[in-house]
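Structure file start.cif; described as mmCIF, N, CA, C and O atoms.
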```cif
data_start
loop_
_atom_site.label_atom_id
_atom_site.label_comp_id
_atom_site.auth_asym_id
_atom_site.auth_seq_id
_atom_site.Cartn_x
_atom_site.Cartn_y
_atom_site.Cartn_z
N MET A 266 19.04 0.42 7.09
CA MET A 266 17.80 -0.29 6.82
C MET A 266 16.98 0.53 5.84
O MET A 266 16.82 1.73 5.99
N LEU A 267 16.44 -0.11 4.84
CA LEU A 267 15.66 0.57 3.81
C LEU A 267 14.42 1.19 4.41
O LEU A 267 13.59 0.53 5.02
N GLY A 268 14.31 2.50 4.28
CA GLY A 268 13.10 3.19 4.71
C GLY A 268 12.90 3.27 6.20
O GLY A 268 11.78 3.45 6.64
N SER A 269 13.95 3.17 7.00
CA SER A 269 13.76 3.15 8.44
C SER A 269 13.14 4.44 8.95
O SER A 269 12.33 4.40 9.87
N LEU A 270 13.46 5.57 8.38
CA LEU A 270 12.85 6.82 8.81
C LEU A 270 11.38 6.88 8.42
O LEU A 270 10.55 7.33 9.18
N ALA A 271 11.07 6.39 7.22
CA ALA A 271 9.69 6.42 6.76
C ALA A 271 8.81 5.48 7.57
O ALA A 271 7.63 5.71 7.70
N ILE A 272 9.38 4.43 8.12
CA ILE A 272 8.59 3.46 8.88
C ILE A 272 8.11 4.06 10.20
O ILE A 272 7.02 3.80 10.65
N GLN A 273 8.93 4.89 10.82
CA GLN A 273 8.64 5.37 12.16
C GLN A 273 7.50 6.37 12.22
O GLN A 273 6.67 6.30 13.10
N ALA A 274 7.47 7.33 11.32
CA ALA A 274 6.45 8.37 11.35
C ALA A 274 5.20 7.92 10.62
O ALA A 274 5.24 7.00 9.81
N ALA A 275 4.09 8.60 10.91
CA ALA A 275 2.86 8.33 10.16
C ALA A 275 3.10 8.70 8.71
O ALA A 275 3.76 9.70 8.42
N PRO A 276 2.60 7.90 7.79
CA PRO A 276 2.89 8.16 6.38
C PRO A 276 2.11 9.35 5.82
O PRO A 276 1.01 9.66 6.29
N ASP A 277 2.69 9.98 4.83
CA ASP A 277 1.98 10.97 4.04
C ASP A 277 1.08 10.18 3.09
O ASP A 277 1.57 9.38 2.29
N MET A 278 -0.22 10.36 3.21
CA MET A 278 -1.16 9.51 2.48
C MET A 278 -1.00 9.63 0.97
O MET A 278 -1.08 8.62 0.26
N GLU A 279 -0.77 10.80 0.45
CA GLU A 279 -0.62 10.95 -1.00
C GLU A 279 0.63 10.23 -1.49
O GLU A 279 0.59 9.56 -2.52
N ARG A 280 1.73 10.35 -0.76
CA ARG A 280 2.95 9.62 -1.12
C ARG A 280 2.73 8.13 -1.03
O ARG A 280 3.20 7.36 -1.88
N LEU A 281 2.01 7.69 0.00
CA LEU A 281 1.74 6.27 0.17
C LEU A 281 0.88 5.75 -0.99
O LEU A 281 1.15 4.69 -1.55
N LEU A 282 -0.14 6.49 -1.35
CA LEU A 282 -0.98 6.08 -2.47
C LEU A 282 -0.19 6.02 -3.78
O LEU A 282 -0.36 5.08 -4.57
N ASP A 283 0.68 6.99 -3.99
CA ASP A 283 1.54 6.97 -5.18
C ASP A 283 2.46 5.75 -5.17
O ASP A 283 2.68 5.11 -6.20
N ALA A 284 2.99 5.43 -3.98
CA ALA A 284 3.88 4.27 -3.86
C ALA A 284 3.14 2.97 -4.13
O ALA A 284 3.66 2.08 -4.81
N VAL A 285 1.93 2.85 -3.61
CA VAL A 285 1.11 1.66 -3.85
C VAL A 285 0.79 1.56 -5.34
O VAL A 285 0.88 0.47 -5.93
N TRP A 286 0.44 2.68 -5.95
CA TRP A 286 0.15 2.71 -7.39
C TRP A 286 1.32 2.13 -8.18
O TRP A 286 1.15 1.25 -9.02
N LYS A 287 2.52 2.62 -7.88
CA LYS A 287 3.71 2.16 -8.59
C LYS A 287 4.04 0.70 -8.26
O LYS A 287 4.38 -0.09 -9.15
N ALA A 288 3.94 0.33 -6.99
CA ALA A 288 4.25 -1.04 -6.59
C ALA A 288 3.27 -2.05 -7.20
O ALA A 288 3.64 -3.19 -7.46
N GLU A 289 2.05 -1.62 -7.44
CA GLU A 289 1.04 -2.50 -8.01
C GLU A 289 1.01 -2.48 -9.54
O GLU A 289 0.14 -3.07 -10.15
N GLY A 290 1.96 -1.76 -10.14
CA GLY A 290 2.09 -1.80 -11.59
C GLY A 290 1.84 -0.49 -12.32
O GLY A 290 2.05 -0.41 -13.51
N GLY A 291 1.35 0.53 -11.62
CA GLY A 291 1.15 1.83 -12.24
C GLY A 291 0.24 1.78 -13.45
O GLY A 291 -0.77 1.09 -13.47
N GLU A 292 0.63 2.50 -14.49
CA GLU A 292 -0.16 2.58 -15.72
C GLU A 292 -0.34 1.23 -16.40
O GLU A 292 -1.33 1.00 -17.08
N LYS A 293 0.61 0.33 -16.22
CA LYS A 293 0.57 -0.98 -16.90
C LYS A 293 -0.27 -2.01 -16.14
O LYS A 293 -0.50 -3.11 -16.64
N ALA A 294 -0.71 -1.67 -14.95
CA ALA A 294 -1.44 -2.63 -14.11
C ALA A 294 -2.81 -2.97 -14.71
O ALA A 294 -3.52 -2.09 -15.19
N ARG A 295 -3.15 -4.23 -14.67
CA ARG A 295 -4.50 -4.65 -15.06
C ARG A 295 -5.48 -4.33 -13.95
O ARG A 295 -6.67 -4.16 -14.20
N VAL A 296 -4.98 -4.27 -12.72
CA VAL A 296 -5.81 -4.01 -11.55
C VAL A 296 -5.25 -2.76 -10.85
O VAL A 296 -4.28 -2.86 -10.09
N PRO A 297 -5.82 -1.58 -11.10
CA PRO A 297 -5.28 -0.36 -10.50
C PRO A 297 -5.24 -0.44 -8.97
O PRO A 297 -6.21 -0.86 -8.34
N TYR A 298 -4.10 -0.07 -8.41
CA TYR A 298 -3.87 -0.06 -6.96
C TYR A 298 -4.05 -1.44 -6.33
O TYR A 298 -4.13 -1.57 -5.12
N GLY A 299 -4.12 -2.47 -7.12
CA GLY A 299 -4.26 -3.82 -6.59
C GLY A 299 -5.63 -4.08 -5.97
O GLY A 299 -5.78 -5.03 -5.20
N ILE A 300 -6.62 -3.28 -6.31
CA ILE A 300 -7.96 -3.43 -5.74
C ILE A 300 -8.68 -4.58 -6.45
O ILE A 300 -9.04 -4.48 -7.62
N THR A 301 -8.86 -5.67 -5.73
CA THR A 301 -9.51 -6.83 -6.31
C THR A 301 -10.82 -7.19 -5.62
O THR A 301 -11.55 -8.07 -6.10
N THR A 302 -11.14 -6.54 -4.52
CA THR A 302 -12.32 -6.93 -3.75
C THR A 302 -13.61 -6.34 -4.30
O THR A 302 -14.68 -6.86 -4.02
N VAL A 303 -13.51 -5.25 -5.05
CA VAL A 303 -14.68 -4.64 -5.67
C VAL A 303 -14.33 -4.26 -7.10
O VAL A 303 -13.16 -4.10 -7.45
N ARG A 304 -15.34 -4.10 -7.90
CA ARG A 304 -15.13 -3.65 -9.28
C ARG A 304 -14.86 -2.15 -9.27
O ARG A 304 -15.61 -1.39 -8.65
N VAL A 305 -13.83 -1.75 -9.97
CA VAL A 305 -13.50 -0.32 -10.03
C VAL A 305 -13.79 0.22 -11.42
O VAL A 305 -13.65 -0.48 -12.42
N ASN A 306 -14.19 1.49 -11.46
CA ASN A 306 -14.56 2.13 -12.72
C ASN A 306 -13.41 2.85 -13.39
O ASN A 306 -13.45 3.09 -14.59
N SER A 307 -12.41 3.25 -12.60
CA SER A 307 -11.30 4.04 -13.14
C SER A 307 -10.17 4.02 -12.12
O SER A 307 -10.36 3.65 -10.96
N PRO A 308 -9.00 4.46 -12.53
CA PRO A 308 -7.90 4.58 -11.56
C PRO A 308 -8.24 5.53 -10.40
O PRO A 308 -7.85 5.26 -9.26
N ASN A 309 -8.99 6.59 -10.68
CA ASN A 309 -9.39 7.50 -9.59
C ASN A 309 -10.31 6.81 -8.60
O ASN A 309 -10.20 7.03 -7.38
N HIS A 310 -11.22 6.01 -9.09
CA HIS A 310 -12.11 5.25 -8.22
C HIS A 310 -11.29 4.26 -7.38
O HIS A 310 -11.49 4.13 -6.17
N ALA A 311 -10.34 3.58 -8.02
CA ALA A 311 -9.47 2.64 -7.30
C ALA A 311 -8.65 3.37 -6.24
O ALA A 311 -8.44 2.85 -5.14
N ARG A 312 -8.18 4.58 -6.56
CA ARG A 312 -7.40 5.36 -5.59
C ARG A 312 -8.24 5.69 -4.36
O ARG A 312 -7.75 5.62 -3.23
N SER A 313 -9.50 6.04 -4.56
CA SER A 313 -10.34 6.36 -3.40
C SER A 313 -10.59 5.12 -2.54
O SER A 313 -10.61 5.20 -1.31
N ILE A 314 -10.72 3.97 -3.17
CA ILE A 314 -10.89 2.73 -2.41
C ILE A 314 -9.58 2.39 -1.68
O ILE A 314 -9.60 2.00 -0.51
N ALA A 315 -8.46 2.57 -2.36
CA ALA A 315 -7.16 2.32 -1.72
C ALA A 315 -6.97 3.25 -0.53
O ALA A 315 -6.46 2.82 0.52
N ARG A 316 -7.37 4.51 -0.65
CA ARG A 316 -7.26 5.46 0.47
C ARG A 316 -8.04 4.98 1.68
O ARG A 316 -7.54 4.97 2.79
N ARG A 317 -9.27 4.55 1.45
CA ARG A 317 -10.09 4.04 2.56
C ARG A 317 -9.48 2.78 3.17
O ARG A 317 -9.45 2.60 4.39
N THR A 318 -8.98 1.90 2.31
CA THR A 318 -8.36 0.66 2.77
C THR A 318 -7.13 0.95 3.63
O THR A 318 -6.96 0.37 4.71
N LEU A 319 -6.28 1.84 3.16
CA LEU A 319 -5.06 2.19 3.90
C LEU A 319 -5.39 2.89 5.21
O LEU A 319 -4.78 2.59 6.25
N ASN A 320 -6.34 3.81 5.18
CA ASN A 320 -6.74 4.50 6.42
C ASN A 320 -7.29 3.51 7.43
O ASN A 320 -6.98 3.60 8.62
N ARG A 321 -8.11 2.57 6.97
CA ARG A 321 -8.66 1.56 7.87
C ARG A 321 -7.54 0.73 8.49
O ARG A 321 -7.51 0.48 9.69
N ALA A 322 -6.58 0.32 7.67
CA ALA A 322 -5.46 -0.49 8.17
C ALA A 322 -4.67 0.28 9.22
O ALA A 322 -4.30 -0.27 10.26
N LEU A 323 -4.43 1.55 8.97
CA LEU A 323 -3.67 2.37 9.93
C LEU A 323 -4.44 2.59 11.22
O LEU A 323 -3.85 2.58 12.30
N ASN A 324 -5.75 2.78 11.12
CA ASN A 324 -6.56 3.01 12.32
C ASN A 324 -6.77 1.74 13.13
O ASN A 324 -6.87 1.80 14.36
N GLU A 325 -6.84 0.60 12.45
CA GLU A 325 -7.07 -0.66 13.17
C GLU A 325 -5.83 -1.16 13.89
O GLU A 325 -5.94 -1.89 14.86
N ARG A 326 -4.64 -0.82 13.39
CA ARG A 326 -3.41 -1.32 13.98
C ARG A 326 -2.41 -0.18 14.26
O ARG A 326 -1.31 -0.16 13.71
N PRO A 327 -2.77 0.76 15.14
CA PRO A 327 -1.85 1.86 15.44
C PRO A 327 -0.60 1.39 16.20
O PRO A 327 0.38 2.13 16.30
N ASP A 328 -0.63 0.17 16.71
CA ASP A 328 0.51 -0.38 17.44
C ASP A 328 1.63 -0.87 16.52
O ASP A 328 2.74 -1.11 16.96
N LEU A 329 1.33 -0.99 15.23
CA LEU A 329 2.31 -1.50 14.27
C LEU A 329 2.92 -0.35 13.46
O LEU A 329 2.26 0.67 13.26
N PRO A 330 4.15 -0.54 12.96
CA PRO A 330 4.68 0.43 12.00
C PRO A 330 3.72 0.50 10.81
O PRO A 330 3.12 -0.51 10.42
N TRP A 331 3.59 1.67 10.22
CA TRP A 331 2.59 1.84 9.17
C TRP A 331 2.78 0.88 8.00
O TRP A 331 1.81 0.42 7.43
N ILE A 332 4.02 0.57 7.66
CA ILE A 332 4.23 -0.33 6.52
C ILE A 332 3.72 -1.74 6.83
O ILE A 332 3.16 -2.41 5.97
N GLU A 333 3.87 -2.18 8.06
CA GLU A 333 3.38 -3.50 8.45
C GLU A 333 1.86 -3.52 8.49
O GLU A 333 1.22 -4.47 8.03
N ALA A 334 1.27 -2.47 9.06
CA ALA A 334 -0.20 -2.41 9.14
C ALA A 334 -0.83 -2.43 7.75
O ALA A 334 -1.81 -3.14 7.52
N THR A 335 -0.26 -1.68 6.82
CA THR A 335 -0.84 -1.63 5.48
C THR A 335 -0.55 -2.92 4.70
O THR A 335 -1.41 -3.39 3.97
N ALA A 336 0.62 -3.49 4.89
CA ALA A 336 0.96 -4.73 4.20
C ALA A 336 0.07 -5.89 4.65
O ALA A 336 -0.27 -6.76 3.86
N ARG A 337 -0.33 -5.88 5.89
CA ARG A 337 -1.21 -6.94 6.39
C ARG A 337 -2.57 -6.94 5.71
O ARG A 337 -3.21 -7.97 5.59
N VAL A 338 -2.99 -5.76 5.27
CA VAL A 338 -4.27 -5.66 4.56
C VAL A 338 -4.08 -5.93 3.08
O VAL A 338 -4.84 -6.68 2.48
N TYR A 339 -3.05 -5.33 2.49
CA TYR A 339 -2.85 -5.46 1.04
C TYR A 339 -2.35 -6.83 0.62
O TYR A 339 -2.77 -7.35 -0.40
N CYS A 340 -1.44 -7.39 1.39
CA CYS A 340 -0.86 -8.68 1.02
C CYS A 340 -0.53 -9.43 2.31
O CYS A 340 0.61 -9.42 2.77
N PRO A 341 -1.52 -10.05 2.92
CA PRO A 341 -1.31 -10.71 4.21
C PRO A 341 -0.24 -11.80 4.14
O PRO A 341 -0.18 -12.57 3.18
N SER A 342 0.60 -11.82 5.15
CA SER A 342 1.68 -12.82 5.18
C SER A 342 1.13 -14.23 5.30
O SER A 342 1.76 -15.18 4.84
N GLU A 343 -0.04 -14.39 5.89
CA GLU A 343 -0.64 -15.71 6.05
C GLU A 343 -0.96 -16.34 4.70
O GLU A 343 -0.85 -17.55 4.52
N SER A 344 -1.37 -15.53 3.75
CA SER A 344 -1.74 -16.08 2.45
C SER A 344 -0.60 -16.07 1.44
O SER A 344 -0.60 -16.87 0.50
N ASP A 345 0.39 -15.19 1.63
CA ASP A 345 1.50 -15.11 0.70
C ASP A 345 2.72 -14.50 1.39
O ASP A 345 2.98 -13.30 1.28
N PRO A 346 3.49 -15.31 2.14
CA PRO A 346 4.63 -14.77 2.89
C PRO A 346 5.65 -14.03 2.01
O PRO A 346 6.11 -12.95 2.37
N ALA A 347 5.98 -14.60 0.87
CA ALA A 347 6.96 -13.94 -0.01
C ALA A 347 6.38 -12.65 -0.59
O ALA A 347 7.06 -11.62 -0.64
N GLY A 348 5.13 -12.69 -1.01
CA GLY A 348 4.47 -11.51 -1.54
C GLY A 348 4.39 -10.39 -0.51
O GLY A 348 4.56 -9.22 -0.84
N HIS A 349 4.14 -10.77 0.74
CA HIS A 349 4.07 -9.80 1.84
C HIS A 349 5.40 -9.06 1.97
O HIS A 349 5.43 -7.83 2.03
N ARG A 350 6.50 -9.80 1.98
CA ARG A 350 7.84 -9.18 2.09
C ARG A 350 8.13 -8.29 0.89
O ARG A 350 8.63 -7.17 1.04
N HIS A 351 7.80 -8.78 -0.30
CA HIS A 351 8.07 -8.01 -1.51
C HIS A 351 7.20 -6.76 -1.58
O HIS A 351 7.67 -5.69 -1.99
N TRP A 352 5.95 -6.87 -1.17
CA TRP A 352 5.05 -5.71 -1.19
C TRP A 352 5.62 -4.61 -0.29
O TRP A 352 5.70 -3.45 -0.70
N LYS A 353 6.03 -4.97 0.92
CA LYS A 353 6.59 -3.97 1.83
C LYS A 353 7.84 -3.33 1.24
O LYS A 353 7.99 -2.10 1.26
N LYS A 354 8.73 -4.15 0.72
CA LYS A 354 9.97 -3.65 0.14
C LYS A 354 9.68 -2.70 -1.03
O LYS A 354 10.27 -1.62 -1.12
N ASN A 355 8.79 -3.10 -1.92
CA ASN A 355 8.47 -2.28 -3.08
C ASN A 355 7.79 -0.97 -2.71
O ASN A 355 8.14 0.09 -3.22
N VAL A 356 6.82 -1.02 -1.80
CA VAL A 356 6.13 0.19 -1.40
C VAL A 356 7.11 1.15 -0.70
O VAL A 356 7.10 2.35 -0.98
N LEU A 357 7.94 0.64 0.17
CA LEU A 357 8.94 1.50 0.82
C LEU A 357 9.89 2.12 -0.20
O LEU A 357 10.27 3.29 -0.08
N TYR A 358 10.30 1.33 -1.18
CA TYR A 358 11.18 1.85 -2.21
C TYR A 358 10.55 3.06 -2.91
O TYR A 358 11.16 4.12 -3.01
N PHE A 359 9.33 2.91 -3.37
CA PHE A 359 8.67 4.00 -4.07
C PHE A 359 8.29 5.14 -3.13
O PHE A 359 8.32 6.31 -3.52
N TYR A 360 7.95 4.83 -1.90
CA TYR A 360 7.60 5.88 -0.92
C TYR A 360 8.80 6.78 -0.65
O TYR A 360 8.66 7.98 -0.51
N ASN A 361 9.97 6.18 -0.57
CA ASN A 361 11.17 6.93 -0.21
C ASN A 361 11.88 7.59 -1.40
O ASN A 361 12.90 8.24 -1.22
N ARG A 362 11.38 7.42 -2.60
CA ARG A 362 12.01 8.03 -3.79
C ARG A 362 11.70 9.49 -3.88
O ARG A 362 10.75 10.01 -3.52
#
```
Whole structure given in C-alpha cells:
Amino acid sequence: MLGSLAIQAAPDMERLLDAVWKAEGGEKARVPYGITTVRVNSPNHARSIARRTLNRALNERPDLPWIEATARVYCPSESDPAGHRHWKKNVLYFYNR
C-alpha cells in the first residue's frame, strides 16, 4: 500500500508542508499551498497558513490517520470525491519521496 508506514505515525510537519507545496503545484502554482480562503502575500505567508490549517486538522481529528484528517480539510470528499482521493495520493507520494 502506498505510504502505509507514513500513514500510521504522526507526520513530520516540514515534510508534510513540502509535500502539500508540491502536490498543489509548487513554484508553478497560481495559489501557493492551495490556500484559497484568505489572501496570501507570499509563499512563506501561505506556508504559515498551511501549517496552522494542517495542525488544526490533526488536532481536531486525532482518531483518523493523518492523511485522512488533512485531506478532509484541504479537499473534502463531500465537495470533490475524486479530488479528495487524488490529493491524498499526491501528498503521500511527495511525503514519501
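For region 339-356 of chain A, the list of residues within 6 Å, based on only C-alpha atoms and with local chain neighbours fewer than 5 positions off taken out, reads Ala284, Val285 and Ala288 of chain A.
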With 3 Å of padding per side, what axis-aligned box (centre and edge lengths, Å, one decimal) covers all the listed atoms of region 330-342 of chain A? Give it as AutoDock Vina command-line options.
```
--center_x -0.1 --center_y -6.7 --center_z 6.3 --size_x 15.5 --size_y 23.0 --size_z 19.4
```
Taking the file above as input, evaluate the PyMOL selection byres ((chain A and resi 312-329) around 7) and report the hits as number ranges by chain.
A: 272, 278, 282, 297-298, 300, 307-311, 330-335, 338
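Coordinates place CA of Tyr360 (chain A) at a distance of 8.1 Å from atom O of Glu279 (chain A).
With CA of Arg337 (chain A) on one side and CA of Leu357 (chain A) on the other, the separation reads 14.3 Å.
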So how far away is atom N of Pro276 (chain A) from atom C of Gly290 (chain A), in Å?
21.8 Å
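Residue nearest Asp277 (chain A), chosen from A:Asn361, A:Gly291, A:Val296, A:Ala336 and counting only C-alpha atoms: A:Asn361.
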